[in-house]
Amino acid sequence: MRIGVIISDEPRINDEIRVSQVRLIGPNGEQVGVIATTVALNLAKEANLDLVEVAPNAKPPVAKLIDYGKYKYNEKIKAREARRNQSTAEIKEIRFRLKIDAHDFEVKKGHVIRFLEGGDKVKVTIMLRGREQSRPIGGVELLEKLADEVQDYGTVESAPKQEGRNIIMTLAPKGKKVHTQSEQRRRGAESRAERQARQAARLAAKQESKAKAAQAAKEAVASGGQKEDKPSK
């Protein structure tokens, strides 16, 4: 067993590709074919791109001409957006006493509504004391009353049932609210998206400028070579 060896998940790029031949894919997905790796590297340099090994286990390995820096940046943005769009629903718990007064009931109901609006499930627990355990129907009625009063925000996912000394009911956010964000989060997401778009535009403009400069230099070298080849009069 080798100790202390770090295996990278990153693909090999440019001079890290040690094989003699690769099956090359162009920047637009076109199939170039099997060519020498040195030729592929020269093509990458001429196009101001990177040679990236995308299928190392193929025979020969498959490599593609891409802007690796831009590719990594876009992948990072996609991963961040995917995480942000994932459902972040949690299960919150609210506890009631069977003999709760009207004011406390309204306060706790407000908490339930707030959790449901935030996209979270709510576990509502009625804690029974002493003789209350022999008449759990009162707890069931209290939970049914709560469910009825918050029906605009959530639905009963798990009907009231007794577990030991407690009666438990689970409410789930209604409709698509489990997947939606609060207004503040939505605005934050829009702001981040705008910043990312501006960054991507600046990066694209920079890459285009570099490509034009490289093309101009290439044309200048070619033009100079042609002048030297002309016979002197």
# chains A, B, ... in the order shown; residues from 1 in each chain; ligands from 1
>>> residues_around(residues="segment 67-80 of chain A", least_positions_apart="4", cutoff="8 Å", atoms="only C-alpha atoms", output="number ranges by chain")
A: 48-50, 52, 84, 196, 203
>>> write_last_selection(atoms="N, CA, C and O atoms", output="PDB file, in the first residue's frame")
ATOM      1  N   ASN A  48      -5.098  29.171 -28.759  1.00  0.00           N
ATOM      2  CA  ASN A  48      -5.117  29.788 -27.432  1.00  0.00           C
ATOM      3  C   ASN A  48      -6.091  29.046 -26.502  1.00  0.00           C
ATOM      4  O   ASN A  48      -6.856  29.645 -25.754  1.00  0.00           O
ATOM      5  N   LEU A  49      -6.037  27.717 -26.604  1.00  0.00           N
ATOM      6  CA  LEU A  49      -6.892  26.870 -25.779  1.00  0.00           C
ATOM      7  C   LEU A  49      -6.043  25.857 -25.028  1.00  0.00           C
ATOM      8  O   LEU A  49      -4.812  25.868 -25.142  1.00  0.00           O
ATOM      9  N   ASP A  50      -6.696  25.006 -24.261  1.00  0.00           N
ATOM     10  CA  ASP A  50      -6.014  23.958 -23.508  1.00  0.00           C
ATOM     11  C   ASP A  50      -6.400  22.597 -24.065  1.00  0.00           C
ATOM     12  O   ASP A  50      -7.526  22.399 -24.539  1.00  0.00           O
ATOM     13  N   VAL A  52      -7.326  19.092 -22.927  1.00  0.00           N
ATOM     14  CA  VAL A  52      -7.817  18.501 -21.685  1.00  0.00           C
ATOM     15  C   VAL A  52      -8.220  17.047 -21.935  1.00  0.00           C
ATOM     16  O   VAL A  52      -8.990  16.757 -22.856  1.00  0.00           O
ATOM     17  N   ARG A  84     -27.833  25.790  -4.446  1.00  0.00           N
ATOM     18  CA  ARG A  84     -28.776  26.815  -4.015  1.00  0.00           C
ATOM     19  C   ARG A  84     -30.209  26.409  -4.329  1.00  0.00           C
ATOM     20  O   ARG A  84     -31.139  26.754  -3.609  1.00  0.00           O
ATOM     21  N   GLN A 196     -22.422  37.414 -11.329  1.00  0.00           N
ATOM     22  CA  GLN A 196     -21.792  36.309 -12.050  1.00  0.00           C
ATOM     23  C   GLN A 196     -21.851  36.523 -13.553  1.00  0.00           C
ATOM     24  O   GLN A 196     -20.900  36.204 -14.271  1.00  0.00           O
ATOM     25  N   LEU A 203     -14.803  37.980 -18.458  1.00  0.00           N
ATOM     26  CA  LEU A 203     -13.893  36.886 -18.771  1.00  0.00           C
ATOM     27  C   LEU A 203     -13.935  36.552 -20.253  1.00  0.00           C
ATOM     28  O   LEU A 203     -12.901  36.337 -20.888  1.00  0.00           O
TER      29      LEU A 203
END
>>> closest_atom_pairs(of="segment 78-141 of chain A", to="segment 147-152 of chain A", cutoff="9 Å", atoms="only C-alpha atoms", output="Markdown table")
| residue | atom | partner | partner_atom | distance |
| --- | --- | --- | --- | --- |
| A:Lys109 | CA | A:Val150 | CA | 7.7 |
| A:Val112 | CA | A:Val150 | CA | 8.0 |
| A:Ile113 | CA | A:Val150 | CA | 6.6 |
>>> closest_residue(among="A:Leu51, A:Leu142, A:Leu171, A:Ile17", to="Glu117 of chain A", atoms="only C-alpha atoms")
A:Leu171
>>> residues_around(residues="Ile167 of chain A", least_positions_apart="3", cutoff="7 Å", atoms="only C-alpha atoms", output="list in words")
Thr125, Ile126, Met127, Gly139, Pro160, Lys161, Gln162 and Glu163 of chain A
>>> atom_distance(atom1="atom CA of His103 of chain A", atom2="atom CA of Gly130 of chain A")
23.8 Å
>>> atom_distance(atom1="atom CA of Glu81 of chain A", atom2="atom CA of Gly118 of chain A")
19.3 Å
>>> atom_distance(atom1="atom CA of Pro11 of chain A", atom2="atom CA of Lys212 of chain A")
27.5 Å
>>> closest_residue(among="A:Ala82, A:Glu46, A:Lys64, A:Asn166", to="Ala216 of chain A", atoms="only C-alpha atoms")
A:Glu46
>>> select_by_dssp(residues="segment 18-214 of chain A", states="alpha helix (DSSP H)", output="compact mmCIF listing (two decimals) with N, CA, C and O atoms, in the first residue's frame")
# COMPACT_ATOMS: atom_id res chain seq x y z
N THR A 37 -0.06 13.38 -29.77
CA THR A 37 -0.32 14.33 -28.69
C THR A 37 0.44 15.64 -28.92
O THR A 37 -0.07 16.72 -28.61
N THR A 38 1.63 15.55 -29.46
CA THR A 38 2.40 16.77 -29.72
C THR A 38 1.70 17.66 -30.74
O THR A 38 1.69 18.89 -30.60
N VAL A 39 1.07 17.04 -31.75
CA VAL A 39 0.32 17.82 -32.73
C VAL A 39 -0.90 18.47 -32.07
O VAL A 39 -1.22 19.63 -32.32
N ALA A 40 -1.58 17.70 -31.21
CA ALA A 40 -2.75 18.23 -30.51
C ALA A 40 -2.36 19.41 -29.61
O ALA A 40 -3.09 20.40 -29.53
N LEU A 41 -1.21 19.31 -28.97
CA LEU A 41 -0.74 20.41 -28.12
C LEU A 41 -0.44 21.66 -28.96
O LEU A 41 -0.74 22.78 -28.53
N ASN A 42 0.13 21.47 -30.14
CA ASN A 42 0.40 22.60 -31.01
C ASN A 42 -0.89 23.27 -31.47
O ASN A 42 -0.98 24.50 -31.54
N LEU A 43 -1.89 22.44 -31.77
CA LEU A 43 -3.19 22.99 -32.17
C LEU A 43 -3.82 23.79 -31.03
O LEU A 43 -4.43 24.84 -31.25
N ALA A 44 -3.66 23.29 -29.80
CA ALA A 44 -4.20 24.00 -28.64
C ALA A 44 -3.53 25.35 -28.47
O ALA A 44 -4.19 26.37 -28.22
N LYS A 45 -2.20 25.38 -28.64
CA LYS A 45 -1.47 26.64 -28.49
C LYS A 45 -1.87 27.64 -29.57
O LYS A 45 -2.04 28.83 -29.31
N GLU A 46 -2.02 27.15 -30.80
CA GLU A 46 -2.40 28.04 -31.90
C GLU A 46 -3.79 28.63 -31.69
O GLU A 46 -4.06 29.77 -32.07
N TYR A 68 -9.75 25.92 -20.42
CA TYR A 68 -9.94 25.20 -19.16
C TYR A 68 -10.30 26.15 -18.02
O TYR A 68 -11.11 25.80 -17.15
N GLY A 69 -9.71 27.34 -18.01
CA GLY A 69 -10.04 28.29 -16.95
C GLY A 69 -11.50 28.69 -16.99
O GLY A 69 -12.18 28.73 -15.96
N LYS A 70 -12.00 28.96 -18.18
CA LYS A 70 -13.41 29.32 -18.33
C LYS A 70 -14.31 28.13 -18.00
O LYS A 70 -15.37 28.28 -17.38
N TYR A 71 -13.87 26.94 -18.41
CA TYR A 71 -14.63 25.72 -18.13
C TYR A 71 -14.77 25.51 -16.62
O TYR A 71 -15.87 25.23 -16.11
N LYS A 72 -13.66 25.65 -15.89
CA LYS A 72 -13.71 25.46 -14.43
C LYS A 72 -14.59 26.51 -13.77
O LYS A 72 -15.33 26.21 -12.83
N TYR A 73 -14.52 27.73 -14.27
CA TYR A 73 -15.34 28.81 -13.72
C TYR A 73 -16.83 28.49 -13.90
O TYR A 73 -17.63 28.60 -12.97
N ASN A 74 -17.21 28.06 -15.11
CA ASN A 74 -18.61 27.73 -15.39
C ASN A 74 -19.09 26.55 -14.56
O ASN A 74 -20.23 26.52 -14.09
N GLU A 75 -18.21 25.54 -14.38
CA GLU A 75 -18.59 24.38 -13.57
C GLU A 75 -18.81 24.79 -12.12
O GLU A 75 -19.72 24.28 -11.45
N LYS A 76 -18.01 25.70 -11.62
CA LYS A 76 -18.16 26.18 -10.25
C LYS A 76 -19.49 26.91 -10.08
O LYS A 76 -20.19 26.73 -9.08
N ILE A 77 -19.84 27.72 -11.08
CA ILE A 77 -21.11 28.45 -11.03
C ILE A 77 -22.28 27.48 -11.06
O ILE A 77 -23.25 27.61 -10.30
N LYS A 78 -22.20 26.46 -11.93
CA LYS A 78 -23.27 25.47 -12.03
C LYS A 78 -23.45 24.72 -10.72
O LYS A 78 -24.58 24.47 -10.27
N ALA A 79 -22.34 24.33 -10.10
CA ALA A 79 -22.42 23.59 -8.83
C ALA A 79 -23.03 24.45 -7.73
O ALA A 79 -23.84 23.98 -6.93
N ARG A 80 -22.66 25.74 -7.72
CA ARG A 80 -23.21 26.65 -6.72
C ARG A 80 -24.71 26.84 -6.91
O ARG A 80 -25.47 26.84 -5.95
N GLU A 81 -25.14 26.99 -8.16
CA GLU A 81 -26.55 27.15 -8.43
C GLU A 81 -27.33 25.89 -8.08
O GLU A 81 -28.46 25.96 -7.58
N ALA A 82 -26.73 24.73 -8.36
CA ALA A 82 -27.41 23.47 -8.05
C ALA A 82 -27.62 23.33 -6.55
O ALA A 82 -28.69 22.91 -6.09
N ARG A 83 -26.60 23.70 -5.77
CA ARG A 83 -26.75 23.64 -4.31
C ARG A 83 -27.81 24.61 -3.83
O ARG A 83 -28.58 24.32 -2.92
N ARG A 84 -27.83 25.79 -4.45
CA ARG A 84 -28.78 26.81 -4.01
C ARG A 84 -30.21 26.41 -4.33
O ARG A 84 -31.14 26.75 -3.61
N ASN A 85 -30.41 25.70 -5.44
CA ASN A 85 -31.75 25.32 -5.87
C ASN A 85 -32.26 24.06 -5.20
O ASN A 85 -33.43 23.69 -5.37
N ALA A 102 -55.80 30.58 24.99
CA ALA A 102 -56.02 31.09 23.63
C ALA A 102 -54.83 31.91 23.13
O ALA A 102 -54.43 31.81 21.96
N HIS A 103 -54.26 32.74 24.02
CA HIS A 103 -53.14 33.60 23.60
C HIS A 103 -51.93 32.77 23.20
O HIS A 103 -51.33 32.99 22.13
N ASP A 104 -51.56 31.80 24.04
CA ASP A 104 -50.40 30.96 23.74
C ASP A 104 -50.64 30.14 22.47
O ASP A 104 -49.71 29.90 21.69
N PHE A 105 -51.89 29.71 22.28
CA PHE A 105 -52.21 28.95 21.06
C PHE A 105 -51.95 29.81 19.83
O PHE A 105 -51.35 29.34 18.85
N GLU A 106 -52.38 31.06 19.86
CA GLU A 106 -52.18 31.95 18.71
C GLU A 106 -50.70 32.22 18.47
O GLU A 106 -50.24 32.30 17.31
N VAL A 107 -49.94 32.38 19.55
CA VAL A 107 -48.50 32.62 19.42
C VAL A 107 -47.82 31.43 18.75
O VAL A 107 -47.04 31.57 17.79
N LYS A 108 -48.13 30.24 19.24
CA LYS A 108 -47.50 29.03 18.68
C LYS A 108 -47.99 28.78 17.25
O LYS A 108 -47.24 28.30 16.40
N LYS A 109 -49.25 29.09 16.99
CA LYS A 109 -49.76 28.96 15.62
C LYS A 109 -48.99 29.88 14.68
O LYS A 109 -48.69 29.51 13.54
N GLY A 110 -48.65 31.05 15.15
CA GLY A 110 -47.85 31.98 14.34
C GLY A 110 -46.49 31.40 14.00
O GLY A 110 -45.99 31.58 12.88
N HIS A 111 -45.89 30.72 14.98
CA HIS A 111 -44.61 30.07 14.71
C HIS A 111 -44.76 28.99 13.64
O HIS A 111 -43.92 28.86 12.75
N VAL A 112 -45.83 28.21 13.73
CA VAL A 112 -46.07 27.15 12.75
C VAL A 112 -46.20 27.74 11.35
O VAL A 112 -45.61 27.25 10.38
N ILE A 113 -46.99 28.81 11.25
CA ILE A 113 -47.18 29.47 9.93
C ILE A 113 -45.86 29.99 9.40
O ILE A 113 -45.56 29.85 8.20
N ARG A 114 -45.06 30.58 10.27
CA ARG A 114 -43.77 31.12 9.83
C ARG A 114 -42.87 30.02 9.30
O ARG A 114 -42.20 30.18 8.27
N PHE A 115 -42.84 28.88 9.98
CA PHE A 115 -42.01 27.75 9.51
C PHE A 115 -42.51 27.23 8.17
O PHE A 115 -41.71 26.94 7.27
N LEU A 116 -43.82 27.11 8.04
CA LEU A 116 -44.38 26.60 6.79
C LEU A 116 -44.10 27.56 5.63
O LEU A 116 -43.78 27.14 4.52
N GLU A 117 -44.22 28.84 5.88
CA GLU A 117 -43.94 29.84 4.85
C GLU A 117 -42.47 29.80 4.43
O GLU A 117 -42.13 30.11 3.29
N ILE A 137 -58.11 12.08 23.18
CA ILE A 137 -58.96 12.67 22.16
C ILE A 137 -58.88 14.20 22.18
O ILE A 137 -58.98 14.87 21.15
N GLY A 138 -58.68 14.77 23.36
CA GLY A 138 -58.57 16.22 23.47
C GLY A 138 -57.37 16.74 22.70
O GLY A 138 -57.42 17.79 22.06
N GLY A 139 -56.26 16.00 22.76
CA GLY A 139 -55.07 16.39 22.02
C GLY A 139 -55.27 16.28 20.53
O GLY A 139 -54.80 17.13 19.75
N VAL A 140 -55.97 15.24 20.11
CA VAL A 140 -56.26 15.06 18.68
C VAL A 140 -57.11 16.22 18.17
O VAL A 140 -56.86 16.79 17.10
N GLU A 141 -58.12 16.60 18.96
CA GLU A 141 -58.98 17.71 18.57
C GLU A 141 -58.20 19.02 18.47
O GLU A 141 -58.43 19.83 17.56
N LEU A 142 -57.25 19.22 19.39
CA LEU A 142 -56.44 20.44 19.36
C LEU A 142 -55.57 20.48 18.10
O LEU A 142 -55.44 21.52 17.45
N LEU A 143 -55.00 19.36 17.75
CA LEU A 143 -54.17 19.31 16.55
C LEU A 143 -55.00 19.50 15.28
O LEU A 143 -54.56 20.16 14.33
N GLU A 144 -56.19 18.92 15.27
CA GLU A 144 -57.08 19.10 14.12
C GLU A 144 -57.50 20.55 13.97
O GLU A 144 -57.61 21.07 12.85
N LYS A 145 -57.71 21.21 15.10
CA LYS A 145 -58.04 22.64 15.07
C LYS A 145 -56.88 23.44 14.48
O LYS A 145 -57.08 24.32 13.64
N LEU A 146 -55.66 23.13 14.92
CA LEU A 146 -54.48 23.82 14.40
C LEU A 146 -54.35 23.60 12.89
O LEU A 146 -54.11 24.55 12.13
N ALA A 147 -54.49 22.36 12.46
CA ALA A 147 -54.37 22.03 11.03
C ALA A 147 -55.39 22.80 10.21
O ALA A 147 -55.09 23.27 9.10
N ASP A 148 -56.59 22.93 10.75
CA ASP A 148 -57.64 23.64 10.04
C ASP A 148 -57.32 25.13 9.91
O ASP A 148 -57.58 25.74 8.87
N GLU A 149 -56.72 25.70 10.95
CA GLU A 149 -56.45 27.14 10.95
C GLU A 149 -55.20 27.52 10.14
O GLU A 149 -55.00 28.69 9.83
N GLU A 183 -38.42 36.17 0.09
CA GLU A 183 -38.18 37.29 -0.81
C GLU A 183 -36.75 37.79 -0.69
O GLU A 183 -36.11 38.15 -1.68
N GLN A 184 -36.23 37.80 0.52
CA GLN A 184 -34.85 38.26 0.72
C GLN A 184 -33.87 37.34 0.02
O GLN A 184 -32.92 37.80 -0.63
N ARG A 185 -34.07 36.03 0.13
CA ARG A 185 -33.18 35.09 -0.53
C ARG A 185 -33.28 35.22 -2.05
O ARG A 185 -32.29 35.11 -2.76
N ARG A 186 -34.52 35.45 -2.54
CA ARG A 186 -34.71 35.58 -3.99
C ARG A 186 -33.95 36.78 -4.52
O ARG A 186 -33.27 36.71 -5.55
N ARG A 187 -34.05 37.91 -3.80
CA ARG A 187 -33.34 39.10 -4.24
C ARG A 187 -31.83 38.88 -4.18
O ARG A 187 -31.09 39.33 -5.06
N GLY A 188 -31.38 38.19 -3.13
CA GLY A 188 -29.96 37.89 -3.03
C GLY A 188 -29.47 37.03 -4.18
O GLY A 188 -28.40 37.24 -4.73
N ALA A 189 -30.30 36.04 -4.56
CA ALA A 189 -29.94 35.16 -5.67
C ALA A 189 -29.87 35.93 -6.97
O ALA A 189 -28.98 35.72 -7.80
N GLU A 190 -30.83 36.85 -7.18
CA GLU A 190 -30.81 37.66 -8.40
C GLU A 190 -29.57 38.54 -8.45
O GLU A 190 -28.96 38.70 -9.51
N SER A 191 -29.21 39.11 -7.30
CA SER A 191 -28.03 39.97 -7.25
C SER A 191 -26.77 39.17 -7.57
O SER A 191 -25.89 39.62 -8.31
N ARG A 192 -26.67 37.96 -6.99
CA ARG A 192 -25.50 37.12 -7.27
C ARG A 192 -25.45 36.72 -8.73
O ARG A 192 -24.38 36.69 -9.34
N ALA A 193 -26.63 36.42 -9.30
CA ALA A 193 -26.67 36.03 -10.71
C ALA A 193 -26.19 37.16 -11.61
O ALA A 193 -25.48 36.94 -12.59
N GLU A 194 -26.58 38.40 -11.27
CA GLU A 194 -26.14 39.56 -12.06
C GLU A 194 -24.63 39.74 -11.97
O GLU A 194 -23.97 40.00 -12.98
N ARG A 195 -24.08 39.57 -10.77
CA ARG A 195 -22.62 39.70 -10.61
C ARG A 195 -21.90 38.62 -11.40
O ARG A 195 -20.88 38.88 -12.05
N GLN A 196 -22.42 37.41 -11.33
CA GLN A 196 -21.79 36.31 -12.05
C GLN A 196 -21.85 36.52 -13.55
O GLN A 196 -20.90 36.20 -14.27
N ALA A 197 -22.98 37.08 -14.04
CA ALA A 197 -23.10 37.36 -15.47
C ALA A 197 -22.08 38.41 -15.90
O ALA A 197 -21.47 38.28 -16.97
N ARG A 198 -21.90 39.43 -15.06
CA ARG A 198 -20.91 40.47 -15.40
C ARG A 198 -19.50 39.89 -15.41
O ARG A 198 -18.68 40.21 -16.29
N GLN A 199 -19.20 39.03 -14.43
CA GLN A 199 -17.89 38.40 -14.39
C GLN A 199 -17.64 37.53 -15.60
O GLN A 199 -16.56 37.53 -16.20
N ALA A 200 -18.69 36.76 -15.99
CA ALA A 200 -18.56 35.90 -17.16
C ALA A 200 -18.35 36.72 -18.42
O ALA A 200 -17.56 36.34 -19.30
N ALA A 201 -19.06 37.87 -18.52
CA ALA A 201 -18.90 38.73 -19.69
C ALA A 201 -17.49 39.31 -19.76
O ALA A 201 -16.88 39.36 -20.84
N ARG A 202 -16.97 39.73 -18.61
CA ARG A 202 -15.60 40.27 -18.60
C ARG A 202 -14.59 39.20 -18.97
O ARG A 202 -13.63 39.46 -19.70
N LEU A 203 -14.80 37.98 -18.46
CA LEU A 203 -13.89 36.89 -18.77
C LEU A 203 -13.93 36.55 -20.25
O LEU A 203 -12.90 36.34 -20.89
N ALA A 204 -15.15 36.54 -20.82
CA ALA A 204 -15.28 36.24 -22.24
C ALA A 204 -14.61 37.30 -23.10
O ALA A 204 -13.94 37.00 -24.09
N ALA A 205 -14.78 38.59 -22.69
CA ALA A 205 -14.15 39.67 -23.44
C ALA A 205 -12.62 39.58 -23.36
O ALA A 205 -11.91 39.82 -24.35
N LYS A 206 -12.11 39.20 -22.18
CA LYS A 206 -10.67 39.06 -22.02
C LYS A 206 -10.13 37.93 -22.89
O LYS A 206 -9.09 38.08 -23.54
N GLN A 207 -10.85 36.81 -22.91
CA GLN A 207 -10.42 35.68 -23.72
C GLN A 207 -10.46 36.02 -25.22
O GLN A 207 -9.59 35.63 -25.99
N GLU A 208 -11.50 36.76 -25.62
CA GLU A 208 -11.62 37.16 -27.02
C GLU A 208 -10.47 38.08 -27.41
O GLU A 208 -9.91 37.98 -28.51
N SER A 209 -10.12 39.00 -26.49
CA SER A 209 -9.02 39.91 -26.76
C SER A 209 -7.69 39.16 -26.91
O SER A 209 -6.89 39.45 -27.80
N LYS A 210 -7.50 38.16 -26.04
CA LYS A 210 -6.27 37.36 -26.13
C LYS A 210 -6.22 36.58 -27.43
O LYS A 210 -5.17 36.48 -28.08
N ALA A 211 -7.39 36.05 -27.84
CA ALA A 211 -7.43 35.28 -29.08
C ALA A 211 -7.11 36.17 -30.28
O ALA A 211 -6.38 35.77 -31.20
N LYS A 212 -7.65 37.41 -30.28
CA LYS A 212 -7.39 38.33 -31.38
C LYS A 212 -5.92 38.72 -31.43
O LYS A 212 -5.31 38.83 -32.50
N ALA A 213 -5.33 38.93 -30.24
CA ALA A 213 -3.92 39.29 -30.18
C ALA A 213 -3.05 38.16 -30.69
O ALA A 213 -2.07 38.37 -31.43
N ALA A 214 -3.41 36.93 -30.31
CA ALA A 214 -2.65 35.77 -30.78
C ALA A 214 -2.77 35.61 -32.29
O ALA A 214 -1.80 35.32 -32.98
>>> select_by_dssp(residues="segment 63-221 of chain A", states="strand (DSSP E)", output="PyMOL selection string")
chain A and resi 63-66+91-97+121-127+154-163+166-173
